[in-house]
Amino acid sequence: MNRALPLMLCAALLCTGAVAVRAEGVPWKTDDKPKDAAAPAGDLKAELPAAQYNRIVKPIEAKLASAEKIMAAYEKEMQKPAEKRNQRLLVGCKTRTAEAYLGAALAAKKGLNMVKKDSHKEAIKNQYEEPNREKGIAIFLDLATSAHDRGDFRMAAGFYKRILAVDKENSDAKEGLVKIVKEIQQAARDAKTSGSKGGGSDDKKSWDRDDHSRTGRNDGNWSGAGRGY
């Protein structure tokens, strides 16, 4: 009897262990789900209710879909020979695309107020707000540089100012505006020295106007610029 008791206890322990092992392997036992299978922190789709996730993400996706559609038109125009491309249309497409990206960033910024957890706010900021804002700024900077290079100071200044409306500390936009002012002042001095009355220097504030689109005046409102971020 004394020998049988330890054997019975061992058998009972072995049976308990076997049951526990089998229970862990049952896929529908959610209470025994391994910790490493949990959704990572900041996984919005996994952690937020479906309705809340859609309220935050759907507006962003709509803006991004718009950007893709506009860029498809841009790419189609770019497939034409260089001499047959509509440059005003190309600039308009890029302007509208930049605005769409900034619109997505703005929608993401609004989404920050719809969540309470810091991890969710960080996820929205890193996944949606900052990347799309950077894309929009990059496109506007490219547009501003191109306009500046061809001597269209008013359009270039408008694009630089659009960037600063989103990113007040953007050094590229600030430097671009400073260069424009210096070039206009230099042109005015040169005109005065040579006795010229032309060159557009009489309108010293023309570069500072808010109309930075000018694109698509005869082709519809392509730019959408100045809507605010």
# chains A, B, ... in the order shown; residues from 1 in each chain; ligands from 1
>>> residues_around(residues="stretch 96-103 of chain A", least_positions_apart="2", cutoff="8 Å", atoms="only C-alpha atoms", output="NGL selection string")
:A and (60 or 63-64 or 66-68 or 70-71 or 92-94 or 105-107 or 132-133 or 135-137 or 139-140 or 222-225 or 229)
>>> residues_around(residues="A:Thr145", least_positions_apart="4", cutoff="7 Å", atoms="only C-alpha atoms", output="ChimeraX atom specification")
/A:141,149,156
>>> write_last_selection(atoms="N, CA and C atoms", output="PDB file, in the first residue's frame")
ATOM      1  N   LEU A 141       7.709  71.649 -52.883  1.00  0.00           N
ATOM      2  CA  LEU A 141       9.080  72.149 -52.987  1.00  0.00           C
ATOM      3  C   LEU A 141       9.612  71.955 -54.402  1.00  0.00           C
ATOM      4  N   ASP A 149      13.337  78.412 -61.033  1.00  0.00           N
ATOM      5  CA  ASP A 149      14.375  78.242 -62.047  1.00  0.00           C
ATOM      6  C   ASP A 149      13.978  78.864 -63.386  1.00  0.00           C
ATOM      7  N   ALA A 156       6.513  80.668 -57.732  1.00  0.00           N
ATOM      8  CA  ALA A 156       7.459  80.023 -56.820  1.00  0.00           C
ATOM      9  C   ALA A 156       7.213  80.466 -55.384  1.00  0.00           C
TER      10      ALA A 156
END
>>> residues_around(residues="A:Leu164", least_positions_apart="6", cutoff="8 Å", atoms="only C-alpha atoms", output="short mmCIF file (atom, residue, chain, number, x, y, z; two decimals) with C-alpha atoms, in the first residue's frame")
data_model
loop_
_atom_site.label_atom_id
_atom_site.label_comp_id
_atom_site.auth_asym_id
_atom_site.auth_seq_id
_atom_site.Cartn_x
_atom_site.Cartn_y
_atom_site.Cartn_z
CA ASN A 170 10.85 74.69 -43.29
CA ALA A 173 10.95 77.40 -48.23
CA LYS A 174 12.43 80.21 -46.15
#
